Structure formats: C-alpha cells, structure tokens
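What follows is the content of my_file10.cif (mmCIF, C-alpha atoms and all ligand atoms).
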data_model
loop_
_atom_site.label_atom_id
_atom_site.label_comp_id
_atom_site.auth_asym_id
_atom_site.auth_seq_id
_atom_site.Cartn_x
_atom_site.Cartn_y
_atom_site.Cartn_z
CA MET J 1 112.57 168.60 -151.82
CA ILE J 2 109.66 166.56 -150.44
CA LYS J 3 109.74 162.82 -151.21
CA ALA J 4 107.20 160.20 -150.27
CA ALA J 5 108.76 157.82 -147.75
CA ASN J 6 109.65 154.46 -149.32
CA SER J 7 112.72 152.27 -149.23
CA ARG J 8 114.39 154.18 -152.06
CA SER J 9 113.84 157.69 -150.62
CA ILE J 10 114.84 156.43 -147.17
CA ALA J 11 118.11 155.07 -148.57
CA GLU J 12 118.70 158.44 -150.22
CA ALA J 13 117.95 160.26 -146.97
CA ALA J 14 120.42 158.00 -145.14
CA GLU J 15 123.06 158.97 -147.71
CA ILE J 16 122.31 162.68 -147.14
CA LEU J 17 122.70 162.18 -143.38
CA ARG J 18 126.01 160.32 -143.80
CA GLY J 19 127.22 163.25 -145.90
CA GLY J 20 126.41 165.76 -143.15
CA GLY J 21 123.08 166.99 -144.53
CA LEU J 22 119.67 167.63 -142.97
CA VAL J 23 116.52 165.55 -143.39
CA GLY J 24 112.94 166.34 -142.36
CA MET J 25 111.93 163.12 -140.57
CA PRO J 26 108.43 162.04 -139.61
CA THR J 27 107.94 160.70 -136.09
CA GLU J 28 104.75 159.79 -134.24
CA THR J 29 104.88 163.08 -132.30
CA VAL J 30 105.97 165.84 -134.71
CA TYR J 31 108.29 166.12 -137.71
CA GLY J 32 111.93 166.35 -136.69
CA LEU J 33 114.86 168.13 -138.35
CA ALA J 34 117.44 165.34 -138.32
CA ALA J 35 121.24 165.32 -138.60
CA ASN J 36 123.98 162.82 -137.78
CA ALA J 37 124.49 163.34 -134.04
CA LEU J 38 128.12 162.16 -134.31
CA ASP J 39 128.96 165.05 -136.67
CA GLY J 40 129.26 168.46 -134.96
CA GLU J 41 129.14 170.40 -138.22
CA ALA J 42 125.96 168.62 -139.27
CA VAL J 43 124.43 169.44 -135.87
CA ALA J 44 125.46 173.09 -136.29
CA LYS J 45 123.34 173.15 -139.47
CA ILE J 46 120.27 172.28 -137.39
CA PHE J 47 120.74 175.39 -135.26
CA GLU J 48 121.40 177.52 -138.34
CA ALA J 49 118.27 176.25 -140.05
CA LYS J 50 116.08 176.84 -137.00
CA GLY J 51 117.46 180.36 -136.60
CA ARG J 52 117.60 179.90 -132.87
CA PRO J 53 119.45 182.63 -130.91
CA SER J 54 120.76 180.06 -128.40
CA PHE J 55 121.94 176.44 -128.28
CA ASN J 56 119.54 174.09 -126.56
CA PRO J 57 120.35 170.41 -126.18
CA LEU J 58 118.63 168.20 -128.75
CA ILE J 59 116.95 164.80 -128.53
CA ILE J 60 119.01 161.92 -129.92
CA HIS J 61 116.91 159.37 -131.80
CA VAL J 62 118.02 155.73 -131.97
CA SER J 63 116.48 152.53 -133.33
CA ASP J 64 116.36 150.49 -130.12
CA ILE J 65 117.66 150.20 -126.58
CA GLU J 66 120.83 148.40 -127.72
CA ALA J 67 121.70 151.44 -129.83
CA ALA J 68 120.89 153.73 -126.88
CA GLU J 69 123.40 151.82 -124.76
CA LYS J 70 126.24 152.95 -127.01
CA TYR J 71 125.66 156.56 -126.04
CA VAL J 72 124.13 156.67 -122.54
CA GLU J 73 124.34 154.79 -119.24
CA VAL J 74 121.10 152.81 -119.21
CA ASP J 75 120.11 151.94 -115.64
CA ALA J 76 117.40 149.53 -114.41
CA ARG J 77 114.76 152.28 -114.35
CA ALA J 78 115.42 153.30 -117.94
CA ARG J 79 115.45 149.66 -119.06
CA ASN J 80 112.14 149.07 -117.37
CA LEU J 81 110.52 152.17 -118.84
CA ALA J 82 111.93 151.45 -122.29
CA GLN J 83 110.34 148.01 -122.19
CA SER J 84 106.97 149.60 -121.44
CA PHE J 85 107.09 152.68 -123.67
CA TRP J 86 109.69 152.34 -126.45
CA PRO J 87 109.28 152.79 -129.30
CA GLY J 88 107.11 155.71 -128.23
CA PRO J 89 106.73 159.34 -127.23
CA ILE J 90 109.00 159.42 -124.18
CA THR J 91 112.54 160.75 -123.98
CA PHE J 92 114.96 159.82 -121.19
CA VAL J 93 117.69 162.15 -119.95
CA LEU J 94 120.59 159.90 -118.93
CA PRO J 95 124.32 160.29 -118.24
CA ARG J 96 126.39 160.35 -121.41
CA LYS J 97 128.61 157.34 -121.98
CA LYS J 98 132.31 158.22 -122.33
CA GLY J 99 133.60 157.73 -125.85
CA GLY J 100 130.11 157.36 -127.32
CA GLY J 101 130.98 160.02 -129.85
CA ILE J 102 127.80 162.14 -129.79
CA SER J 103 128.85 165.71 -130.62
CA ASP J 104 129.07 168.07 -127.64
CA LEU J 105 127.01 170.60 -129.57
CA ALA J 106 124.07 168.15 -129.74
CA SER J 107 123.80 168.20 -125.94
CA ALA J 108 124.95 171.84 -125.63
CA GLY J 109 127.93 170.72 -123.56
CA LEU J 110 125.92 168.85 -120.91
CA ASP J 111 127.07 165.55 -119.38
CA THR J 112 123.63 164.10 -120.00
CA LEU J 113 121.85 163.17 -123.22
CA ALA J 114 118.16 163.14 -124.06
CA ILE J 115 117.42 159.98 -126.04
CA ARG J 116 114.38 158.22 -127.48
CA VAL J 117 113.19 155.52 -129.88
CA PRO J 118 110.43 157.04 -132.04
CA ASN J 119 107.38 154.94 -132.87
CA HIS J 120 107.22 155.58 -136.59
CA PRO J 121 108.07 153.07 -139.33
CA THR J 122 109.82 155.68 -141.49
CA ALA J 123 111.93 157.05 -138.65
CA LEU J 124 112.85 153.54 -137.50
CA GLU J 125 113.82 152.46 -141.01
CA LEU J 126 115.89 155.62 -141.50
CA LEU J 127 117.69 154.95 -138.19
CA LYS J 128 118.39 151.33 -139.17
CA VAL J 129 119.45 152.01 -142.75
CA SER J 130 121.70 154.95 -141.82
CA GLY J 131 123.07 153.18 -138.74
CA LEU J 132 123.40 156.65 -137.18
CA PRO J 133 122.10 158.26 -134.01
CA LEU J 134 120.03 161.23 -135.22
CA ALA J 135 119.81 164.55 -133.40
CA ALA J 136 116.39 166.00 -134.19
CA PRO J 137 114.51 168.91 -132.70
CA SER J 138 111.05 169.73 -133.98
CA ALA J 139 111.36 170.91 -137.59
CA ASN J 140 110.13 174.46 -137.10
CA LYS J 141 111.78 177.87 -137.12
CA SER J 142 112.60 179.13 -133.66
CA GLY J 143 109.50 180.49 -131.93
CA ASN J 144 107.00 178.78 -134.27
CA LEU J 145 104.75 175.80 -133.72
CA SER J 146 106.03 172.27 -134.17
CA PRO J 147 105.15 170.89 -137.61
CA THR J 148 102.89 167.86 -137.93
CA THR J 149 102.74 167.61 -141.73
CA PRO J 150 105.41 167.61 -144.46
CA ALA J 151 103.89 170.81 -145.86
CA HIS J 152 104.46 172.58 -142.53
CA VAL J 153 108.11 171.54 -142.60
CA HIS J 154 108.48 172.71 -146.17
CA ALA J 155 106.85 176.07 -145.44
CA GLN J 156 109.23 176.76 -142.54
CA LEU J 157 112.48 175.12 -143.52
CA GLY J 158 112.14 174.24 -147.18
CA ALA J 159 115.25 176.09 -148.26
CA SER J 160 117.58 174.76 -145.58
CA VAL J 161 116.66 171.09 -145.49
CA ASP J 162 118.14 168.68 -148.05
CA MET J 163 115.15 166.34 -148.13
CA ILE J 164 111.79 166.00 -146.41
CA LEU J 165 110.55 162.43 -146.02
CA ALA J 166 106.78 162.67 -146.30
CA ALA J 167 104.63 160.18 -144.42
CA GLY J 168 101.42 162.09 -143.80
CA PRO J 169 100.34 163.82 -140.61
CA CYS J 170 101.81 162.83 -137.22
CA LYS J 171 99.54 160.73 -135.00
CA VAL J 172 100.36 162.26 -131.61
CA GLY J 173 100.83 165.86 -132.72
CA LEU J 174 102.52 166.80 -129.44
CA GLU J 175 106.17 166.47 -128.49
CA SER J 176 107.45 163.55 -126.43
CA THR J 177 107.48 163.54 -122.64
CA VAL J 178 110.99 164.38 -121.37
CA LEU J 179 111.86 162.40 -118.23
CA ASP J 180 115.01 163.20 -116.28
CA LEU J 181 116.61 159.94 -115.10
CA SER J 182 120.05 161.42 -114.46
CA GLY J 183 119.49 161.87 -110.72
CA ASP J 184 118.04 159.81 -107.88
CA ALA J 185 114.48 161.11 -108.20
CA PRO J 186 112.99 160.84 -111.70
CA GLU J 187 111.27 164.05 -112.81
CA VAL J 188 109.20 165.01 -115.82
CA LEU J 189 110.91 168.03 -117.44
CA ARG J 190 108.42 168.35 -120.29
CA PRO J 191 104.90 166.95 -120.17
CA GLY J 192 103.86 164.91 -123.20
CA GLY J 193 101.79 161.96 -124.31
CA ILE J 194 103.07 159.66 -121.55
CA THR J 195 102.01 160.94 -118.14
CA ALA J 196 103.80 161.05 -114.79
CA GLU J 197 101.11 158.63 -113.51
CA GLN J 198 101.95 156.06 -116.21
CA ILE J 199 105.65 156.41 -115.41
CA SER J 200 105.03 156.09 -111.66
CA LYS J 201 103.12 152.86 -112.22
CA VAL J 202 106.01 151.24 -114.07
CA LEU J 203 108.68 152.42 -111.64
CA GLY J 204 106.68 151.83 -108.48
CA VAL J 205 107.71 155.24 -107.12
CA GLU J 206 105.99 158.60 -107.18
CA VAL J 207 107.16 160.67 -110.17
CA GLY J 208 106.30 164.34 -110.38
CA TYR J 209 106.64 167.24 -112.75
CA ALA J 210 109.74 169.34 -112.20
CA LYS J 211 108.96 172.55 -110.35
CA ALA J 212 110.69 175.90 -110.22
CA GLN J 213 111.47 177.47 -106.85
CA GLY J 214 108.13 178.18 -105.31
CA ASP J 215 105.40 176.13 -106.88
CA ALA J 216 105.10 177.38 -110.44
CA PRO J 217 105.83 174.68 -113.02
CA LYS J 218 108.97 175.49 -114.95
CA SER J 219 108.82 176.13 -118.66
CA PRO J 220 111.01 173.70 -120.62
CA GLY J 221 113.65 176.34 -121.28
CA MET J 222 113.91 177.26 -117.61
CA LEU J 223 114.41 173.67 -116.54
CA LEU J 224 117.70 173.47 -118.32
CA LYS J 225 120.95 173.52 -116.49
CA HIS J 226 123.40 175.19 -118.80
CA TYR J 227 126.94 174.04 -119.33
CA ALA J 228 129.47 176.35 -117.68
CA PRO J 229 133.23 175.80 -117.33
CA ASN J 230 134.84 175.90 -113.87
CA ALA J 231 137.45 178.38 -115.08
CA ALA J 232 136.50 182.05 -115.30
CA VAL J 233 135.70 183.30 -118.80
CA ARG J 234 136.89 186.62 -120.22
CA ILE J 235 135.18 187.72 -123.43
CA ASN J 236 136.29 189.90 -126.36
CA ALA J 237 139.90 189.25 -125.39
CA ILE J 238 142.59 191.04 -127.37
CA ASP J 239 145.43 189.61 -125.31
CA VAL J 240 146.18 186.62 -123.08
CA ARG J 241 147.06 187.24 -119.46
CA GLU J 242 149.10 185.28 -116.94
CA GLY J 243 147.51 181.89 -116.16
CA GLU J 244 144.90 182.11 -118.92
CA ALA J 245 144.09 179.71 -121.73
CA LEU J 246 143.03 181.08 -125.11
CA LEU J 247 139.95 180.15 -127.12
CA ALA J 248 140.75 181.78 -130.44
CA PHE J 249 138.69 182.69 -133.47
CA GLY J 250 140.92 183.39 -136.46
CA SER J 251 144.63 184.10 -136.43
CA THR J 252 146.47 183.92 -133.09
CA LYS J 253 149.61 185.51 -134.47
CA PHE J 254 149.34 188.64 -132.36
CA MET J 255 147.79 186.91 -129.36
CA VAL J 256 150.27 184.26 -128.22
CA ALA J 257 153.96 183.45 -128.57
CA LYS J 258 155.11 180.44 -130.60
CA ASP J 259 155.91 178.47 -127.42
CA PHE J 260 152.46 178.98 -125.85
CA PRO J 261 151.47 175.63 -124.24
CA GLU J 262 149.42 173.51 -126.66
CA ASP J 263 146.92 172.32 -124.08
CA ARG J 264 146.01 175.95 -123.32
CA LEU J 265 145.22 176.94 -126.89
CA ARG J 266 142.24 176.01 -129.05
CA ASN J 267 141.00 177.69 -132.21
CA LEU J 268 137.25 177.64 -132.87
CA SER J 269 137.97 178.33 -136.52
CA GLU J 270 141.24 179.55 -138.02
CA GLY J 271 139.38 180.60 -141.17
CA GLN J 272 136.74 182.46 -139.08
CA ASP J 273 133.95 180.16 -140.18
CA LEU J 274 131.09 180.55 -137.68
CA HIS J 275 129.59 177.18 -138.58
CA GLU J 276 132.86 175.39 -137.76
CA ALA J 277 133.16 177.48 -134.58
CA ALA J 278 129.72 176.36 -133.39
CA ALA J 279 130.63 172.71 -133.92
CA ASN J 280 133.81 173.16 -131.85
CA LEU J 281 132.51 175.44 -129.10
CA PHE J 282 131.58 173.07 -126.27
CA SER J 283 134.31 170.48 -126.78
CA MET J 284 137.04 173.15 -126.92
CA LEU J 285 135.70 174.98 -123.86
CA LYS J 286 135.80 171.66 -121.99
CA GLU J 287 139.34 170.88 -123.12
CA LEU J 288 140.61 174.27 -122.01
CA ASP J 289 138.74 173.96 -118.73
CA GLU J 290 140.48 170.63 -118.13
CA SER J 291 143.89 172.18 -118.84
CA GLY J 292 143.77 173.69 -115.35
CA ALA J 293 143.93 177.29 -116.55
CA LYS J 294 142.39 179.70 -114.05
CA ALA J 295 140.62 181.61 -116.79
CA ILE J 296 139.75 181.23 -120.46
CA ALA J 297 140.19 184.28 -122.67
CA ILE J 298 137.87 184.18 -125.68
CA MET J 299 138.41 186.30 -128.78
CA ALA J 300 135.48 188.32 -130.17
CA ILE J 301 133.05 186.45 -132.39
CA PRO J 302 130.87 188.29 -134.94
CA ASN J 303 127.29 188.55 -133.71
CA GLU J 304 125.65 187.38 -136.92
CA GLY J 305 124.04 184.14 -138.08
CA ILE J 306 124.92 181.27 -135.77
CA GLY J 307 127.41 183.64 -134.08
CA VAL J 308 124.45 185.01 -132.09
CA ALA J 309 123.94 181.59 -130.45
CA ILE J 310 127.69 181.20 -129.88
CA ASN J 311 127.85 184.58 -128.14
CA ASP J 312 124.77 183.73 -126.08
CA ARG J 313 126.53 180.66 -124.69
CA ILE J 314 129.81 182.46 -124.12
CA ALA J 315 128.03 185.28 -122.26
CA ARG J 316 126.31 182.72 -120.00
CA ALA J 317 129.64 181.01 -119.35
CA ALA J 318 131.22 184.35 -118.48
CA LYS J 319 128.46 185.10 -115.97
CA GLY J 320 128.46 181.59 -114.41
O1 LIG I 401 108.64 164.58 -129.85
C1 LIG I 401 109.77 165.05 -129.79
O2 LIG I 401 110.46 164.91 -128.77
C2 LIG I 401 110.32 165.77 -131.01
C3 LIG I 401 110.49 164.74 -132.11
C4 LIG I 401 111.13 165.30 -133.34
O3 LIG I 401 111.22 163.63 -131.63
N1 LIG I 401 111.57 166.43 -130.73
C5 LIG I 401 111.66 167.54 -129.93
O4 LIG I 401 112.93 168.05 -129.79
O5 LIG I 401 110.69 168.04 -129.40
P1 LIG I 401 113.23 169.54 -129.24
O6 LIG I 401 114.69 169.80 -129.51
O7 LIG I 401 112.28 170.50 -129.84
O8 LIG I 401 113.03 169.41 -127.69
C6 LIG I 401 114.04 168.84 -126.88
C7 LIG I 401 113.65 168.95 -125.42
C8 LIG I 401 113.83 170.35 -124.91
O9 LIG I 401 112.79 170.67 -124.01
C9 LIG I 401 115.17 170.27 -124.18
O10 LIG I 401 115.25 171.21 -123.18
C10 LIG I 401 115.13 168.84 -123.64
O11 LIG I 401 114.49 168.10 -124.64
N2 LIG I 401 116.49 168.28 -123.45
C11 LIG I 401 117.33 167.83 -124.41
N3 LIG I 401 118.49 167.40 -123.88
C12 LIG I 401 118.40 167.57 -122.55
C13 LIG I 401 119.28 167.31 -121.45
N4 LIG I 401 120.49 166.78 -121.62
N5 LIG I 401 118.84 167.62 -120.22
C14 LIG I 401 117.60 168.16 -120.02
N6 LIG I 401 116.71 168.42 -121.03
C15 LIG I 401 117.11 168.13 -122.27
MG MG I 402 110.70 172.20 -130.33
#

Let me see the file written as structure tokens.
Amino acid sequence: MIKAANSRSIAEAAEILRGGGLVGMPTETVYGLAANALDGEAVAKIFEAKGRPSFNPLIIHVSDIEAAEKYVEVDARARNLAQSFWPGPITFVLPRKKGGGISDLASAGLDTLAIRVPNHPTALELLKVSGLPLAAPSANKSGNLSPTTPAHVHAQLGASVDMILAAGPCKVGLESTVLDLSGDAPEVLRPGGITAEQISKVLGVEVGYAKAQGDAPKSPGMLLKHYAPNAAVRINAIDVREGEALLAFGSTKFMVAKDFPEDRLRNLSEGQDLHEAAANLFSMLKELDESGAKAIAIMAIPNEGIGVAINDRIARAAKG
C-alpha cells in the first residue's frame, strides 16, 4: 500500500525491512525498491519482483560515509568525493570489506560493491531508523522506465511491494552516476547527474567514461564483469565425477555417498525452493570454488520464476 512518508510510516517501513520485506523508497534520483542488503532472501525478493531474467549487482544505500566504511574499503579518493558529493546522486564501486555481511546476491558475487548516500530526507531517515544497509535498484519491472513518482511504482510493482513510501516526484529524475573506484584509474560506468568533469576537478586527475573495445561507449549492462568461479562448471549434473564438488538442488540421496567430503557439498535448497536457492547461489559457488575441487557439478534447476535468473548465471559460469 502507498503511505505518505512521515515518522510513523517510516518506522513501519523499517519494521518491514527488518522482517525481510520490500519497500518502495523515494530518493532524489528515482524511486528504489529497497530490501535489507544483509539478508539474501530479502534481496532475492527484489529480483523476483522486478522479473529480471538475470542477476545484476545492486546499489547499496547507506546513511553516511561511516556506515559505508562497514561494508567497503574507502580510500582517499572516495573520501574526497564523498565530502564533495554525498549525500547525492553518485555511486562508488569499491572493494568489499571482508566480514561486512552484505549478501553475495546483492553484488551478484562480485568482490566490489556499488554504494551511495542518497540525498532525500525520507531515504536518509529510513536508513537511520532501520539501521540497515539497503539494496535498491530502480523500482520498475525489468525493461521498463525508472519510476519517479509513487504512482509509477504502484502501477509496476504494487502487488509485490509491502509498502510504498510516498514523498512526491523525484527531483533529479535520472539515476545516479556510477563511478568505478576499484582500480587505479577511476572510470564512469554509468553517466548521471554528476559529470566526469566535476569528478575530475575534485580528484585532480582526468576521469573518463568507460569505453568498450574500439571507441563505442559501453552500455551499463556490458560494462559489468560477471562473477565466474575458477573451477570448471558442469550443468544439469545427474552424477558426481572424480574430483568434482556438488552444488545440489533438492535431495542428494542418489548423487553422493554418506562420506562425501563436507566442504565439497552445498545444497542451494533441500526443499527445492527457488527463492532460497537464489539467495544461496553466489556464496555457495564461492565456497565450493575455494574447496579446491577441479570442477563443480550443478544439478538441474527448473527454468521458471527466479530460476531463469539462476540458470542464466550458471550458464555464464559454465562458459567462463
Ligand atoms: O539513482 C540510482 O542509482 C537508483 C536509486 C534507487 O538509488 N538506483 C539504481 O539502481 O539505478 P540499479 O540497480 O537500477 O542500477 C545499478 C547500477 C547498474 O548499472 C549496475 O550495473 C551498477 O550499478 N553496479 C552495481 N554494482 C556494481 C559493481 N559491483 N560493479 C560495477 N557496476 C555495478
Ligand atoms: Mg534500473
């Protein structure tokens, strides 16, 4: 339901987020579809609601730079830029901090996180009251335009969002600039309200827009490096071969012996719940990759609902 943003509805929204629900959240750029970024199952609901056929990493929203420091390695450049532009429409891609607890699904398995402090009183109060980092993509269905009013959010996602906090139309109306600060040379991955020129001025170095091979600017989707395990990946496995680890979905009774090594076995969901499987996908793939197995056998996963996005990622991993 849509509720006007005030301290009571914000407290209620914080409660929904703590319980693993979804909230339509106003920001200065566009409305976001927010979930607790520490809770993989809550993050899986975001992808289900958007109906996206693949997992893309999401922006993590925090209340201030101190909160950001819990989850990412903030270097001098980021600190400098944050002082100039936060709260505001710029997102930094930074190395993830170990033990920060952000779900692997929120960053689609990457070692970096996209993080920003939104410049909107309602979003900032929700972040403070909930005390949570909030994963929030734009609150539209996959393939549609980003919503800038509560009515847009309701029209697209009404049924799958637990509450929409209404605070009128968004001022900027365009998504935040995404700046990659994970390498030596900062690069703009997605143009937005804050320009490369403004960023260059603060940093005192030339900052450009990321380019594809050749000279064509990359589309945001193409800029993404996708997570891929080092081990080979074998899909639709109905057995486990010598030297392989097993990523199961459902019963493993006929797949492995009782004494199969524990560190080589993970189950996305014993009860074959696709939502639970999505939440576990990246962290389990990483654990099995770290076990030293030469290959990871993955059992078949139904290609329906969020299973489509799971299979998309597994197919990419198998190709990589
Ligand atoms: O203005 C905005 O940024 C809005 C509001 C709600 O804050 N959010 C938004 O989120 O536009 P979303 O999920 O629609 O866009 C996230 C962008 C994508 O282009 C994604 O590729 C990029 O951020 N991104 C996220 N994590 C990344 C990472 N670790 N490395 C590179 N790019 C990343
Ligand atoms: Mg979007």

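Listed by chain and then residue number, the contacts of ligand LIG 401 (chain I) are J:Thr29, J:Val30, J:Tyr31, J:Gly32, J:Pro57, J:Leu58, J:Ile59, J:Val93, J:Ser107, J:Leu110, J:Thr112, J:Leu113, J:Ala114, J:Ala136, J:Pro137, J:Ser138, J:Glu175, J:Ser176, J:Pro220, J:Gly221, J:Leu224 (distance at most 6 Å, using all atoms listed in the file).
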
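Each of J:Thr122, J:Thr91, J:Asn80, J:Ser146 was compared to ligand MG 402 (chain I) using all atoms listed in the file, and J:Ser146 turns out to be the nearest.
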
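Once J:Ala232 and its same-chain neighbours fewer than 6 positions away are set aside, J:Glu244, J:Asp289, J:Ala293, J:Lys294, J:Ala295, J:Ile296, J:Ala297, J:Ala317, J:Ala318, J:Lys319, J:Gly320 remain within 10 Å of it when counting only C-alpha atoms.
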
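In this structure, atom CA of J:Leu247 sits 9.7 Å away from atom CA of J:Ile235.
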
Exercise. Taking (135.2, 170.5, -138.8) in the file's coordinates as the center, which residues reach within 9 Å of it, counting all atoms listed in the file, put as a ChimeraX atom specification?
Worked result: /J:39-41,269,275-277,279-280

Could you make a table, as JSON lines, of the residues of stretch 49-86 of chain J that have an atom within 10 Å of an atom of stretch 189-210 of chain J, each with its nearest atom pair and distance in Å to one decimal, counting all atoms listed in the file, in chain and number order?
{"residue": "J:Ala76", "atom": "CA", "partner": "J:Leu203", "partner_atom": "CA", "distance": 9.6}
{"residue": "J:Arg77", "atom": "CA", "partner": "J:Leu203", "partner_atom": "CA", "distance": 6.7}
{"residue": "J:Ala78", "atom": "CA", "partner": "J:Leu203", "partner_atom": "CA", "distance": 9.3}
{"residue": "J:Asn80", "atom": "CA", "partner": "J:Val202", "partner_atom": "CA", "distance": 7.3}
{"residue": "J:Leu81", "atom": "CA", "partner": "J:Val202", "partner_atom": "CA", "distance": 6.6}
{"residue": "J:Gln83", "atom": "CA", "partner": "J:Val202", "partner_atom": "CA", "distance": 9.8}
{"residue": "J:Ser84", "atom": "CA", "partner": "J:Val202", "partner_atom": "CA", "distance": 7.6}
{"residue": "J:Phe85", "atom": "CA", "partner": "J:Ile194", "partner_atom": "CA", "distance": 8.3}

Exercise. So which residues are close to (110.4, 157.4, -138.2), meaning at most 12 Å away in the file's coordinates with only C-alpha atoms counted, and can you show them as a PyMOL selection string?
Worked result: chain J and resi 5-6+10+13+23-34+61-63+87-89+116-129+134+136+164-168+170-171

Exercise. With all atoms listed in the file as the atoms that count, which of J:Ile238, J:Ala35, J:Leu179, J:Ser130 lies nearest to J:Ser7?
Worked result: J:Ser130

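Proximity of J:Pro147, J:Gly109, J:Pro261, J:Gly19 to J:Arg313, computed with all atoms listed in the file, is greatest for J:Gly109.
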
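In this structure, atom CA of J:Ala159 sits 27.5 Å away from atom CA of J:Ile115.
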
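Nearest-residue note for ligand MG 402 (chain I): choosing from J:Ala37, J:Leu145, J:Ala82, J:Ile16, the minimum distance belongs to J:Leu145, counting all atoms listed in the file.
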
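Pairwise distance (atom CA of J:Pro229, atom CA of J:Lys141) equals 29.3 Å.
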
Exercise. Pick the closest to ligand MG 402 (chain I) from J:Ile102, J:Met1, J:Leu174, J:Ile65: which is it, counting all atoms listed in the file?
Worked result: J:Leu174

Exercise. Counting only C-alpha atoms, what is within 12 Å of stretch 263-268 of chain J, bar same-chain residues fewer than 6 positions away, as an MDAnalysis selection string?
Worked result: chainID J and resid 240:253 255:257 274:301 307 310

Exercise. For ligand MG 402 (chain I), which residue out of J:Val233, J:Ile2, J:Ala139, J:Val161 is the nearest one, using all atoms listed in the file?
Worked result: J:Ala139

Box along x, y and z, 6 Å on every side, all listed atoms of stretch 298-314 of chain J inside: centre and edge lengths in Å to one decimal, as JSON.
{"center_x": 131.2, "center_y": 184.6, "center_z": -131.1, "size_x": 26.5, "size_y": 19.9, "size_z": 26.0}
